[in-house]
file input07.cif (mmCIF, N, CA and C atoms)
data_model
#
loop_
_atom_site.label_atom_id
_atom_site.label_comp_id
_atom_site.auth_asym_id
_atom_site.auth_seq_id
_atom_site.Cartn_x
_atom_site.Cartn_y
_atom_site.Cartn_z
N MET A 27 30.48 5.13 0.59
CA MET A 27 30.21 3.74 0.27
C MET A 27 31.55 3.05 0.08
N LYS A 28 31.70 1.93 0.72
CA LYS A 28 32.94 1.15 0.67
C LYS A 28 33.11 0.49 -0.71
N CYS A 29 34.33 0.57 -1.25
CA CYS A 29 34.63 -0.04 -2.55
C CYS A 29 34.54 -1.56 -2.44
N VAL A 30 33.83 -2.18 -3.37
CA VAL A 30 33.67 -3.64 -3.34
C VAL A 30 34.92 -4.37 -3.80
N TYR A 31 35.86 -3.66 -4.44
CA TYR A 31 37.07 -4.30 -4.96
C TYR A 31 38.25 -4.21 -4.00
N CYS A 32 38.54 -2.98 -3.54
CA CYS A 32 39.74 -2.80 -2.69
C CYS A 32 39.41 -2.54 -1.24
N GLY A 33 38.12 -2.28 -0.93
CA GLY A 33 37.72 -2.05 0.45
C GLY A 33 37.94 -0.63 0.95
N TYR A 34 38.34 0.27 0.07
CA TYR A 34 38.54 1.67 0.46
C TYR A 34 37.21 2.22 0.98
N GLU A 35 37.29 3.04 2.02
CA GLU A 35 36.11 3.48 2.76
C GLU A 35 35.27 4.56 2.07
N ASP A 36 35.65 4.99 0.89
CA ASP A 36 34.92 6.08 0.24
C ASP A 36 34.78 5.79 -1.25
N SER A 37 33.79 6.42 -1.87
CA SER A 37 33.62 6.32 -3.32
C SER A 37 32.93 7.58 -3.82
N LYS A 38 33.05 7.82 -5.10
CA LYS A 38 32.48 9.01 -5.71
C LYS A 38 31.30 8.60 -6.60
N VAL A 39 30.17 9.29 -6.46
CA VAL A 39 29.00 9.02 -7.29
C VAL A 39 29.20 9.68 -8.65
N ILE A 40 29.10 8.87 -9.70
CA ILE A 40 29.27 9.36 -11.07
C ILE A 40 27.92 9.64 -11.72
N ASP A 41 26.94 8.76 -11.45
CA ASP A 41 25.63 8.89 -12.08
C ASP A 41 24.57 8.35 -11.14
N SER A 42 23.41 9.01 -11.09
CA SER A 42 22.27 8.55 -10.29
C SER A 42 21.03 8.55 -11.15
N ARG A 43 20.26 7.47 -11.05
CA ARG A 43 18.99 7.37 -11.79
C ARG A 43 17.97 6.65 -10.93
N THR A 44 16.74 7.12 -10.99
CA THR A 44 15.66 6.41 -10.30
C THR A 44 15.10 5.36 -11.24
N ASN A 45 14.53 4.31 -10.65
CA ASN A 45 13.89 3.31 -11.51
C ASN A 45 12.54 3.86 -11.97
N GLU A 46 11.83 3.10 -12.78
CA GLU A 46 10.60 3.59 -13.41
C GLU A 46 9.50 3.95 -12.43
N ASP A 47 9.38 3.19 -11.34
CA ASP A 47 8.29 3.49 -10.39
C ASP A 47 8.78 4.27 -9.17
N PHE A 48 9.98 4.82 -9.25
CA PHE A 48 10.56 5.69 -8.23
C PHE A 48 10.66 5.03 -6.85
N THR A 49 10.91 3.72 -6.83
CA THR A 49 11.04 3.04 -5.54
C THR A 49 12.49 2.77 -5.17
N SER A 50 13.40 2.97 -6.11
CA SER A 50 14.82 2.80 -5.80
C SER A 50 15.67 3.72 -6.68
N ILE A 51 16.92 3.90 -6.24
CA ILE A 51 17.85 4.75 -6.97
C ILE A 51 19.08 3.92 -7.32
N ARG A 52 19.46 3.95 -8.58
CA ARG A 52 20.65 3.26 -9.05
C ARG A 52 21.77 4.29 -9.10
N ARG A 53 22.88 3.97 -8.43
CA ARG A 53 24.02 4.89 -8.42
C ARG A 53 25.25 4.19 -9.00
N ARG A 54 25.88 4.85 -9.94
CA ARG A 54 27.14 4.36 -10.50
C ARG A 54 28.24 5.07 -9.72
N ARG A 55 29.17 4.31 -9.15
CA ARG A 55 30.21 4.86 -8.29
C ARG A 55 31.60 4.52 -8.80
N GLU A 56 32.57 5.34 -8.37
CA GLU A 56 33.97 5.10 -8.72
C GLU A 56 34.81 5.23 -7.47
N CYS A 57 35.72 4.30 -7.28
CA CYS A 57 36.63 4.32 -6.14
C CYS A 57 37.81 5.26 -6.45
N PRO A 58 38.07 6.25 -5.59
CA PRO A 58 39.19 7.15 -5.86
C PRO A 58 40.56 6.48 -5.67
N LYS A 59 40.60 5.37 -4.96
CA LYS A 59 41.87 4.69 -4.71
C LYS A 59 42.27 3.77 -5.87
N CYS A 60 41.36 2.82 -6.24
CA CYS A 60 41.71 1.85 -7.29
C CYS A 60 41.17 2.23 -8.66
N GLY A 61 40.23 3.20 -8.71
CA GLY A 61 39.70 3.68 -9.99
C GLY A 61 38.63 2.79 -10.60
N ARG A 62 38.27 1.68 -9.94
CA ARG A 62 37.25 0.78 -10.51
C ARG A 62 35.86 1.32 -10.23
N ARG A 63 34.94 0.93 -11.09
CA ARG A 63 33.55 1.39 -10.97
C ARG A 63 32.65 0.24 -10.54
N PHE A 64 31.59 0.60 -9.82
CA PHE A 64 30.60 -0.38 -9.38
C PHE A 64 29.25 0.30 -9.22
N THR A 65 28.21 -0.49 -9.17
CA THR A 65 26.85 0.02 -9.09
C THR A 65 26.24 -0.35 -7.75
N THR A 66 25.50 0.60 -7.17
CA THR A 66 24.75 0.33 -5.94
C THR A 66 23.29 0.71 -6.18
N PHE A 67 22.42 0.12 -5.40
CA PHE A 67 21.00 0.44 -5.46
C PHE A 67 20.54 0.84 -4.07
N GLU A 68 19.83 1.95 -3.99
CA GLU A 68 19.26 2.39 -2.73
C GLU A 68 17.76 2.18 -2.81
N VAL A 69 17.19 1.57 -1.78
CA VAL A 69 15.75 1.37 -1.72
C VAL A 69 15.22 1.98 -0.44
N TYR A 70 13.96 2.36 -0.46
CA TYR A 70 13.33 2.92 0.71
C TYR A 70 13.18 1.84 1.77
N GLU A 71 13.49 2.20 2.97
CA GLU A 71 13.33 1.26 4.07
C GLU A 71 11.95 1.47 4.67
N THR A 72 11.19 0.42 4.74
CA THR A 72 9.87 0.51 5.33
C THR A 72 9.87 -0.24 6.65
N ILE A 73 9.18 0.33 7.60
CA ILE A 73 9.05 -0.30 8.91
C ILE A 73 7.95 -1.35 8.78
N PRO A 74 8.23 -2.59 9.17
CA PRO A 74 7.18 -3.60 9.06
C PRO A 74 6.00 -3.24 9.97
N VAL A 75 4.81 -3.34 9.41
CA VAL A 75 3.60 -3.04 10.16
C VAL A 75 2.85 -4.33 10.42
N MET A 76 2.48 -4.53 11.67
CA MET A 76 1.70 -5.71 12.04
C MET A 76 0.24 -5.31 12.16
N VAL A 77 -0.63 -6.15 11.63
CA VAL A 77 -2.06 -5.91 11.68
C VAL A 77 -2.63 -6.74 12.83
N ILE A 78 -3.36 -6.06 13.72
CA ILE A 78 -3.99 -6.75 14.84
C ILE A 78 -5.40 -7.14 14.40
N LYS A 79 -5.62 -8.44 14.28
CA LYS A 79 -6.91 -8.95 13.82
C LYS A 79 -7.94 -8.85 14.95
N SER A 80 -9.20 -9.02 14.63
CA SER A 80 -10.27 -8.91 15.63
C SER A 80 -10.17 -9.97 16.72
N ASP A 81 -9.55 -11.12 16.42
CA ASP A 81 -9.40 -12.16 17.44
C ASP A 81 -8.13 -11.97 18.27
N GLY A 82 -7.40 -10.87 18.03
CA GLY A 82 -6.20 -10.58 18.80
C GLY A 82 -4.91 -11.08 18.17
N SER A 83 -5.02 -11.91 17.15
CA SER A 83 -3.81 -12.41 16.48
C SER A 83 -3.19 -11.31 15.64
N ARG A 84 -1.93 -11.49 15.29
CA ARG A 84 -1.20 -10.50 14.51
C ARG A 84 -0.63 -11.14 13.26
N GLN A 85 -0.62 -10.35 12.19
CA GLN A 85 0.01 -10.79 10.96
C GLN A 85 0.57 -9.58 10.25
N SER A 86 1.50 -9.81 9.35
CA SER A 86 2.13 -8.72 8.61
C SER A 86 1.12 -8.05 7.69
N PHE A 87 1.29 -6.74 7.51
CA PHE A 87 0.46 -6.00 6.57
C PHE A 87 0.72 -6.55 5.17
N ASP A 88 -0.36 -6.83 4.44
CA ASP A 88 -0.25 -7.42 3.11
C ASP A 88 -1.10 -6.64 2.13
N ARG A 89 -0.46 -5.85 1.29
CA ARG A 89 -1.20 -5.03 0.33
C ARG A 89 -1.96 -5.89 -0.67
N GLU A 90 -1.45 -7.09 -0.96
CA GLU A 90 -2.13 -7.97 -1.91
C GLU A 90 -3.47 -8.46 -1.36
N LYS A 91 -3.56 -8.64 -0.06
CA LYS A 91 -4.82 -9.04 0.55
C LYS A 91 -5.87 -7.94 0.38
N ILE A 92 -5.44 -6.71 0.54
CA ILE A 92 -6.34 -5.56 0.33
C ILE A 92 -6.74 -5.48 -1.14
N ARG A 93 -5.79 -5.68 -2.01
CA ARG A 93 -6.05 -5.63 -3.45
C ARG A 93 -7.08 -6.68 -3.85
N ARG A 94 -6.92 -7.91 -3.34
CA ARG A 94 -7.88 -8.97 -3.66
C ARG A 94 -9.29 -8.61 -3.20
N GLY A 95 -9.41 -8.02 -2.01
CA GLY A 95 -10.72 -7.62 -1.50
C GLY A 95 -11.36 -6.55 -2.35
N ILE A 96 -10.56 -5.59 -2.80
CA ILE A 96 -11.09 -4.51 -3.64
C ILE A 96 -11.48 -5.05 -5.01
N VAL A 97 -10.64 -5.92 -5.57
CA VAL A 97 -10.95 -6.53 -6.87
C VAL A 97 -12.28 -7.28 -6.77
N ARG A 98 -12.44 -8.02 -5.71
CA ARG A 98 -13.68 -8.79 -5.51
C ARG A 98 -14.90 -7.87 -5.43
N ALA A 99 -14.78 -6.77 -4.69
CA ALA A 99 -15.89 -5.82 -4.54
C ALA A 99 -16.20 -5.12 -5.87
N CYS A 100 -15.19 -4.90 -6.69
CA CYS A 100 -15.36 -4.17 -7.95
C CYS A 100 -15.64 -5.08 -9.14
N GLU A 101 -15.80 -6.36 -8.88
CA GLU A 101 -16.05 -7.32 -9.96
C GLU A 101 -17.29 -6.91 -10.76
N LYS A 102 -17.17 -6.93 -12.07
CA LYS A 102 -18.25 -6.59 -13.01
C LYS A 102 -18.72 -5.14 -12.85
N ARG A 103 -17.84 -4.29 -12.36
CA ARG A 103 -18.12 -2.86 -12.23
C ARG A 103 -17.15 -2.12 -13.14
N PRO A 104 -17.49 -0.89 -13.55
CA PRO A 104 -16.60 -0.14 -14.46
C PRO A 104 -15.43 0.52 -13.73
N VAL A 105 -14.65 -0.31 -13.03
CA VAL A 105 -13.48 0.19 -12.29
C VAL A 105 -12.24 -0.45 -12.90
N THR A 106 -11.33 0.38 -13.36
CA THR A 106 -10.13 -0.14 -14.03
C THR A 106 -9.13 -0.68 -13.00
N MET A 107 -8.26 -1.56 -13.47
CA MET A 107 -7.21 -2.09 -12.59
C MET A 107 -6.27 -0.97 -12.15
N ALA A 108 -6.08 0.01 -13.00
CA ALA A 108 -5.23 1.15 -12.62
C ALA A 108 -5.84 1.90 -11.43
N LYS A 109 -7.16 2.04 -11.45
CA LYS A 109 -7.85 2.72 -10.35
C LYS A 109 -7.76 1.88 -9.07
N ILE A 110 -7.87 0.57 -9.21
CA ILE A 110 -7.75 -0.33 -8.05
C ILE A 110 -6.34 -0.22 -7.47
N ASP A 111 -5.33 -0.22 -8.33
CA ASP A 111 -3.95 -0.07 -7.86
C ASP A 111 -3.75 1.27 -7.15
N GLU A 112 -4.37 2.31 -7.68
CA GLU A 112 -4.29 3.63 -7.05
C GLU A 112 -4.91 3.59 -5.65
N MET A 113 -6.07 2.93 -5.53
CA MET A 113 -6.72 2.81 -4.22
C MET A 113 -5.82 2.06 -3.24
N VAL A 114 -5.24 0.95 -3.69
CA VAL A 114 -4.36 0.16 -2.83
C VAL A 114 -3.15 0.99 -2.40
N ASN A 115 -2.59 1.75 -3.33
CA ASN A 115 -1.45 2.62 -3.00
C ASN A 115 -1.84 3.66 -1.95
N ASN A 116 -3.03 4.26 -2.10
CA ASN A 116 -3.50 5.25 -1.13
C ASN A 116 -3.67 4.64 0.26
N ILE A 117 -4.22 3.43 0.30
CA ILE A 117 -4.42 2.75 1.58
C ILE A 117 -3.08 2.42 2.21
N GLU A 118 -2.16 1.91 1.40
CA GLU A 118 -0.84 1.57 1.91
C GLU A 118 -0.13 2.81 2.46
N LYS A 119 -0.26 3.95 1.75
CA LYS A 119 0.34 5.20 2.23
C LYS A 119 -0.26 5.59 3.58
N GLU A 120 -1.58 5.47 3.71
CA GLU A 120 -2.25 5.79 4.99
C GLU A 120 -1.65 4.95 6.11
N VAL A 121 -1.52 3.66 5.86
CA VAL A 121 -1.01 2.73 6.88
C VAL A 121 0.41 3.11 7.27
N TYR A 122 1.29 3.29 6.30
CA TYR A 122 2.69 3.58 6.60
C TYR A 122 2.89 5.01 7.11
N ASN A 123 2.06 5.94 6.67
CA ASN A 123 2.18 7.32 7.16
C ASN A 123 1.71 7.48 8.59
N SER A 124 0.96 6.51 9.08
CA SER A 124 0.53 6.57 10.48
C SER A 124 1.72 6.38 11.42
N LEU A 125 2.82 5.83 10.90
CA LEU A 125 4.05 5.57 11.64
C LEU A 125 3.86 4.61 12.81
N ALA A 126 2.75 3.90 12.83
CA ALA A 126 2.50 2.92 13.87
C ALA A 126 3.07 1.58 13.44
N GLN A 127 3.64 0.85 14.38
CA GLN A 127 4.17 -0.48 14.06
C GLN A 127 3.06 -1.52 14.10
N GLU A 128 1.96 -1.19 14.75
CA GLU A 128 0.80 -2.08 14.79
C GLU A 128 -0.44 -1.26 14.48
N ILE A 129 -1.32 -1.85 13.69
CA ILE A 129 -2.55 -1.16 13.31
C ILE A 129 -3.70 -2.14 13.37
N ASP A 130 -4.82 -1.68 13.82
CA ASP A 130 -6.02 -2.50 13.96
C ASP A 130 -6.61 -2.81 12.59
N SER A 131 -7.07 -4.03 12.38
CA SER A 131 -7.66 -4.40 11.08
C SER A 131 -8.90 -3.57 10.78
N LYS A 132 -9.60 -3.12 11.82
CA LYS A 132 -10.80 -2.29 11.61
C LYS A 132 -10.41 -0.94 10.99
N THR A 133 -9.28 -0.41 11.41
CA THR A 133 -8.80 0.85 10.85
C THR A 133 -8.49 0.69 9.36
N ILE A 134 -7.84 -0.40 9.02
CA ILE A 134 -7.54 -0.66 7.61
C ILE A 134 -8.83 -0.83 6.83
N GLY A 135 -9.79 -1.54 7.39
CA GLY A 135 -11.08 -1.73 6.74
C GLY A 135 -11.77 -0.40 6.46
N GLU A 136 -11.66 0.53 7.40
CA GLU A 136 -12.26 1.85 7.19
C GLU A 136 -11.54 2.62 6.08
N TYR A 137 -10.21 2.48 6.02
CA TYR A 137 -9.46 3.11 4.92
C TYR A 137 -9.94 2.56 3.58
N VAL A 138 -10.13 1.24 3.52
CA VAL A 138 -10.59 0.60 2.28
C VAL A 138 -11.97 1.13 1.90
N MET A 139 -12.86 1.19 2.89
CA MET A 139 -14.22 1.66 2.60
C MET A 139 -14.22 3.10 2.09
N GLN A 140 -13.39 3.96 2.67
CA GLN A 140 -13.31 5.35 2.21
C GLN A 140 -12.87 5.43 0.75
N GLU A 141 -11.86 4.63 0.41
CA GLU A 141 -11.35 4.65 -0.96
C GLU A 141 -12.37 4.11 -1.95
N ILE A 142 -13.03 3.00 -1.62
CA ILE A 142 -14.01 2.42 -2.54
C ILE A 142 -15.20 3.34 -2.72
N LYS A 143 -15.62 3.98 -1.64
CA LYS A 143 -16.78 4.87 -1.71
C LYS A 143 -16.56 6.02 -2.70
N LYS A 144 -15.32 6.50 -2.80
CA LYS A 144 -14.99 7.58 -3.73
C LYS A 144 -15.13 7.14 -5.19
N VAL A 145 -14.97 5.82 -5.42
CA VAL A 145 -14.88 5.32 -6.79
C VAL A 145 -16.19 4.73 -7.30
N ASP A 146 -16.85 3.88 -6.51
CA ASP A 146 -18.03 3.17 -6.99
C ASP A 146 -18.94 2.79 -5.82
N GLU A 147 -20.17 3.29 -5.84
CA GLU A 147 -21.09 3.06 -4.73
C GLU A 147 -21.51 1.59 -4.61
N VAL A 148 -21.69 0.92 -5.73
CA VAL A 148 -22.09 -0.49 -5.69
C VAL A 148 -20.97 -1.34 -5.09
N ALA A 149 -19.74 -1.09 -5.51
CA ALA A 149 -18.60 -1.80 -4.94
C ALA A 149 -18.47 -1.50 -3.46
N TYR A 150 -18.77 -0.27 -3.09
CA TYR A 150 -18.74 0.12 -1.67
C TYR A 150 -19.74 -0.70 -0.86
N ILE A 151 -20.95 -0.83 -1.39
CA ILE A 151 -21.98 -1.61 -0.69
C ILE A 151 -21.58 -3.07 -0.60
N ARG A 152 -21.02 -3.62 -1.69
CA ARG A 152 -20.55 -5.01 -1.66
C ARG A 152 -19.50 -5.21 -0.58
N PHE A 153 -18.50 -4.32 -0.57
CA PHE A 153 -17.43 -4.46 0.41
C PHE A 153 -17.97 -4.30 1.83
N ALA A 154 -18.82 -3.30 2.03
CA ALA A 154 -19.37 -3.04 3.36
C ALA A 154 -20.20 -4.21 3.87
N SER A 155 -20.93 -4.87 2.98
CA SER A 155 -21.78 -5.99 3.41
C SER A 155 -20.94 -7.14 3.94
N VAL A 156 -19.79 -7.36 3.35
CA VAL A 156 -18.90 -8.43 3.83
C VAL A 156 -18.11 -7.95 5.05
N TYR A 157 -17.56 -6.75 4.95
CA TYR A 157 -16.72 -6.21 6.01
C TYR A 157 -17.49 -6.04 7.33
N ARG A 158 -18.70 -5.52 7.21
CA ARG A 158 -19.51 -5.29 8.42
C ARG A 158 -20.43 -6.46 8.76
N ARG A 159 -20.32 -7.54 7.98
CA ARG A 159 -21.07 -8.77 8.23
C ARG A 159 -22.58 -8.51 8.38
N PHE A 160 -23.14 -7.95 7.33
CA PHE A 160 -24.58 -7.68 7.35
C PHE A 160 -25.35 -8.96 7.59
N ALA A 161 -26.31 -8.88 8.49
CA ALA A 161 -27.10 -10.06 8.85
C ALA A 161 -28.45 -10.09 8.13
N ASP A 162 -28.98 -8.93 7.82
CA ASP A 162 -30.29 -8.89 7.17
C ASP A 162 -30.42 -7.65 6.30
N ILE A 163 -31.58 -7.51 5.68
CA ILE A 163 -31.79 -6.41 4.73
C ILE A 163 -31.81 -5.04 5.40
N ASP A 164 -32.12 -5.00 6.69
CA ASP A 164 -32.12 -3.72 7.41
C ASP A 164 -30.74 -3.07 7.40
N ASN A 165 -29.71 -3.88 7.49
CA ASN A 165 -28.34 -3.35 7.43
C ASN A 165 -28.08 -2.69 6.08
N PHE A 166 -28.55 -3.32 5.00
CA PHE A 166 -28.38 -2.75 3.66
C PHE A 166 -29.14 -1.43 3.55
N ILE A 167 -30.35 -1.41 4.05
CA ILE A 167 -31.18 -0.20 3.96
C ILE A 167 -30.54 0.96 4.72
N GLU A 168 -29.99 0.67 5.89
CA GLU A 168 -29.28 1.71 6.65
C GLU A 168 -28.12 2.29 5.86
N LEU A 169 -27.34 1.42 5.26
CA LEU A 169 -26.19 1.86 4.47
C LEU A 169 -26.64 2.67 3.26
N LEU A 170 -27.65 2.19 2.57
CA LEU A 170 -28.18 2.92 1.41
C LEU A 170 -28.70 4.30 1.80
N ASN A 171 -29.40 4.36 2.92
CA ASN A 171 -29.92 5.67 3.40
C ASN A 171 -28.78 6.62 3.74
N SER A 172 -27.69 6.09 4.33
CA SER A 172 -26.56 6.97 4.66
C SER A 172 -25.87 7.48 3.40
N ILE A 173 -25.83 6.64 2.35
CA ILE A 173 -25.24 7.07 1.07
C ILE A 173 -26.12 8.15 0.44
N LYS A 174 -27.42 7.96 0.48
CA LYS A 174 -28.35 8.95 -0.08
C LYS A 174 -28.22 10.27 0.66
N LYS A 175 -28.08 10.19 1.99
CA LYS A 175 -27.98 11.39 2.81
C LYS A 175 -26.70 12.16 2.48
N ASP A 176 -25.60 11.44 2.18
CA ASP A 176 -24.33 12.09 1.85
C ASP A 176 -24.37 12.83 0.53
N LYS A 177 -25.27 12.42 -0.37
CA LYS A 177 -25.37 13.06 -1.69
C LYS A 177 -26.06 14.36 -1.55
#

call {"tool": "encode", "arguments": {"input": "input07.cif", "output": "C-alpha cells"}}
result
Amino acid sequence: MKCVYCGYEDSKVIDSRTNEDFTSIRRRRECPKCGRRFTTFEVYETIPVMVIKSDGSRQSFDREKIRRGIVRACEKRPVTMAKIDEMVNNIEKEVYNSLAQEIDSKTIGEYVMQEIKKVDEVAYIRFASVYRRFADIDNFIELLNSIKKDK
C-alpha cells in the first residue's frame, strides 16, 4: 500500500480489525521510509447484478425492495425483523453466489418464496398470491393443497 504522506510504494501492517458486521477490515499501517502511520479500510468488492424484469427492462439488484416485499407479506405475523433480515441476507447470498451479472426477476421471486415458506406459511401464501398474480380462489386452493401435500 502506497504511503499517503511520502508516496513510498510499500507499508507495513501494524494492526488489523474487522468491523462489527464483518463487511470491512480496518488496517493500521506504517511507512518504513517516513515512519508515519495511516489507516486503510478494505471492503468486499461485489459485482453489480442486473435484474431482468418480466417486460425485458433491467434494473440494479436492490435488497431493500426484497426486504419491503417480505415485510409486507409478514405483516401482523409472528416473524421478527431479525428473521426478515436473515431471509434477505440468504436471498442476497443466493443472487451473488450465482456469479451471474444478470438474473431473472422470476428466479429472485422463487428464492424469496423458498425463504418465506421456511418461516411462515401464511406469509408465504400472501407473497405467492401477489407474486403469482392469483386471479381467483382456485389458485389459492391449489397452493394450499401443495402446502398440505408437503407436510

call {"tool": "residues_around", "arguments": {"input": "input07.cif", "residues": "Lys59 of chain A", "least_positions_apart": "5", "cutoff": "8 Å", "atoms": "all atoms listed in the file", "output": "number ranges by chain"}}
result
A: 32, 34, 36-38

call {"tool": "closest_residue", "arguments": {"input": "input07.cif", "among": "A:Cys29, A:Glu147, A:Met107, A:Ile163", "to": "Pro58 of chain A", "atoms": "all atoms listed in the file"}}
result
A:Cys29

call {"tool": "resolve_selection", "arguments": {"input": "input07.cif", "expression": "the PyMOL selection byres (((chain A and resi 105 and name CA) around 12) and name CA)", "output": "ChimeraX atom specification"}}
result
/A:96-104,106-113,142,144-150

call {"tool": "select_by_dssp", "arguments": {"input": "input07.cif", "residues": "segment 46-141 of chain A", "states": "strand (DSSP E or B)", "output": "JSON, numbers by chain"}}
result
{"A": [50, 51, 52, 53, 54, 55, 56, 63, 64, 65, 66, 67, 68, 69, 76, 77, 78, 84, 85, 86, 128, 129, 130]}

call {"tool": "closest_residue", "arguments": {"input": "input07.cif", "among": "A:Phe166, A:Lys79, A:Glu71, A:Asn171", "to": "Asp130 of chain A", "atoms": "only N, CA and C atoms"}}
result
A:Lys79

call {"tool": "residues_around", "arguments": {"input": "input07.cif", "residues": "Val114 of chain A", "least_positions_apart": "5", "cutoff": "8 Å", "atoms": "only C-alpha atoms", "output": "list in words"}}
result
Arg89, Ile92 and Arg93 of chain A

call {"tool": "residues_around", "arguments": {"input": "input07.cif", "residues": "Leu170 of chain A", "least_positions_apart": "3", "cutoff": "12 Å", "atoms": "only C-alpha atoms", "output": "PyMOL selection string"}}
result
chain A and resi 143+147-148+150-152+154-155+163-167+173-177

call {"tool": "write_last_selection", "arguments": {"input": "input07.cif", "atoms": "N, CA and C atoms", "output": "PDB file, in the frame of the given file"}}
result
ATOM      1  N   LYS A 143     -15.620   3.980  -1.640  1.00  0.00           N
ATOM      2  CA  LYS A 143     -16.780   4.870  -1.710  1.00  0.00           C
ATOM      3  C   LYS A 143     -16.560   6.020  -2.700  1.00  0.00           C
ATOM      4  N   GLU A 147     -20.170   3.290  -5.840  1.00  0.00           N
ATOM      5  CA  GLU A 147     -21.090   3.060  -4.730  1.00  0.00           C
ATOM      6  C   GLU A 147     -21.510   1.590  -4.610  1.00  0.00           C
ATOM      7  N   VAL A 148     -21.690   0.920  -5.730  1.00  0.00           N
ATOM      8  CA  VAL A 148     -22.090  -0.490  -5.690  1.00  0.00           C
ATOM      9  C   VAL A 148     -20.970  -1.340  -5.090  1.00  0.00           C
ATOM     10  N   TYR A 150     -18.770  -0.270  -3.090  1.00  0.00           N
ATOM     11  CA  TYR A 150     -18.740   0.120  -1.670  1.00  0.00           C
ATOM     12  C   TYR A 150     -19.740  -0.700  -0.860  1.00  0.00           C
ATOM     13  N   ILE A 151     -20.950  -0.830  -1.390  1.00  0.00           N
ATOM     14  CA  ILE A 151     -21.980  -1.610  -0.690  1.00  0.00           C
ATOM     15  C   ILE A 151     -21.580  -3.070  -0.600  1.00  0.00           C
ATOM     16  N   ARG A 152     -21.020  -3.620  -1.690  1.00  0.00           N
ATOM     17  CA  ARG A 152     -20.550  -5.010  -1.660  1.00  0.00           C
ATOM     18  C   ARG A 152     -19.500  -5.210  -0.580  1.00  0.00           C
ATOM     19  N   ALA A 154     -18.820  -3.300   2.030  1.00  0.00           N
ATOM     20  CA  ALA A 154     -19.370  -3.040   3.360  1.00  0.00           C
ATOM     21  C   ALA A 154     -20.200  -4.210   3.870  1.00  0.00           C
ATOM     22  N   SER A 155     -20.930  -4.870   2.980  1.00  0.00           N
ATOM     23  CA  SER A 155     -21.780  -5.990   3.410  1.00  0.00           C
ATOM     24  C   SER A 155     -20.940  -7.140   3.940  1.00  0.00           C
ATOM     25  N   ILE A 163     -31.580  -7.510   5.680  1.00  0.00           N
ATOM     26  CA  ILE A 163     -31.790  -6.410   4.730  1.00  0.00           C
ATOM     27  C   ILE A 163     -31.810  -5.040   5.400  1.00  0.00           C
ATOM     28  N   ASP A 164     -32.120  -5.000   6.690  1.00  0.00           N
ATOM     29  CA  ASP A 164     -32.120  -3.720   7.410  1.00  0.00           C
ATOM     30  C   ASP A 164     -30.740  -3.070   7.400  1.00  0.00           C
ATOM     31  N   ASN A 165     -29.710  -3.880   7.490  1.00  0.00           N
ATOM     32  CA  ASN A 165     -28.340  -3.350   7.430  1.00  0.00           C
ATOM     33  C   ASN A 165     -28.080  -2.690   6.080  1.00  0.00           C
ATOM     34  N   PHE A 166     -28.550  -3.320   5.000  1.00  0.00           N
ATOM     35  CA  PHE A 166     -28.380  -2.750   3.660  1.00  0.00           C
ATOM     36  C   PHE A 166     -29.140  -1.430   3.550  1.00  0.00           C
ATOM     37  N   ILE A 167     -30.350  -1.410   4.050  1.00  0.00           N
ATOM     38  CA  ILE A 167     -31.180  -0.200   3.960  1.00  0.00           C
ATOM     39  C   ILE A 167     -30.540   0.960   4.720  1.00  0.00           C
ATOM     40  N   ILE A 173     -25.830   6.640   2.350  1.00  0.00           N
ATOM     41  CA  ILE A 173     -25.240   7.070   1.070  1.00  0.00           C
ATOM     42  C   ILE A 173     -26.120   8.150   0.440  1.00  0.00           C
ATOM     43  N   LYS A 174     -27.420   7.960   0.480  1.00  0.00           N
ATOM     44  CA  LYS A 174     -28.350   8.950  -0.080  1.00  0.00           C
ATOM     45  C   LYS A 174     -28.220  10.270   0.660  1.00  0.00           C
ATOM     46  N   LYS A 175     -28.080  10.190   1.990  1.00  0.00           N
ATOM     47  CA  LYS A 175     -27.980  11.390   2.810  1.00  0.00           C
ATOM     48  C   LYS A 175     -26.700  12.160   2.480  1.00  0.00           C
ATOM     49  N   ASP A 176     -25.600  11.440   2.180  1.00  0.00           N
ATOM     50  CA  ASP A 176     -24.330  12.090   1.850  1.00  0.00           C
ATOM     51  C   ASP A 176     -24.370  12.830   0.530  1.00  0.00           C
ATOM     52  N   LYS A 177     -25.270  12.420  -0.370  1.00  0.00           N
ATOM     53  CA  LYS A 177     -25.370  13.060  -1.690  1.00  0.00           C
ATOM     54  C   LYS A 177     -26.060  14.360  -1.550  1.00  0.00           C
TER      55      LYS A 177
END

call {"tool": "atom_distance", "arguments": {"input": "input07.cif", "atom1": "atom N of Asp88 of chain A", "atom2": "atom N of Phe160 of chain A"}}
result
23.0 Å

call {"tool": "atom_distance", "arguments": {"input": "input07.cif", "atom1": "atom N of Ile78 of chain A", "atom2": "atom C of Glu128 of chain A"}}
result
5.7 Å

call {"tool": "select_by_dssp", "arguments": {"input": "input07.cif", "residues": "segment 80-109 of chain A", "states": "alpha helix (DSSP H)", "output": "MDAnalysis selection string"}}
result
chainID A and resid 89:99 107:109

call {"tool": "atom_distance", "arguments": {"input": "input07.cif", "atom1": "atom CA of Asn116 of chain A", "atom2": "atom N of Gly95 of chain A"}}
result
14.6 Å

call {"tool": "closest_residue", "arguments": {"input": "input07.cif", "among": "A:Asp162, A:Thr133, A:Pro74, A:Arg54", "to": "Ser86 of chain A", "atoms": "only N, CA and C atoms"}}
result
A:Pro74

call {"tool": "resolve_selection", "arguments": {"input": "input07.cif", "expression": "the PyMOL selection byres ((chain A and resi 31) around 8)", "output": "list in words"}}
result
Lys28, Cys29, Val30, Cys32, Gly33, Tyr34, Cys60, Arg62, Arg63 and Phe64 of chain A

call {"tool": "residues_near_point", "arguments": {"input": "input07.cif", "point": "(-2.4, -3.9, 7.7)", "cutoff": "6.5 Å", "atoms": "only N, CA and C atoms", "output": "list in words"}}
result
Val75, Met76, Val77, Ile78, Ser86, Phe87, Asp88, Ile129, Ser131 and Ile134 of chain A

call {"tool": "closest_residue", "arguments": {"input": "input07.cif", "among": "A:Phe153, A:Tyr122, A:Tyr70, A:Phe48", "to": "Val138 of chain A", "atoms": "only C-alpha atoms"}}
result
A:Phe153

call {"tool": "closest_residue", "arguments": {"input": "input07.cif", "among": "A:Cys57, A:Met27, A:Glu68, A:Ala161", "to": "Arg43 of chain A", "atoms": "only C-alpha atoms"}}
result
A:Glu68
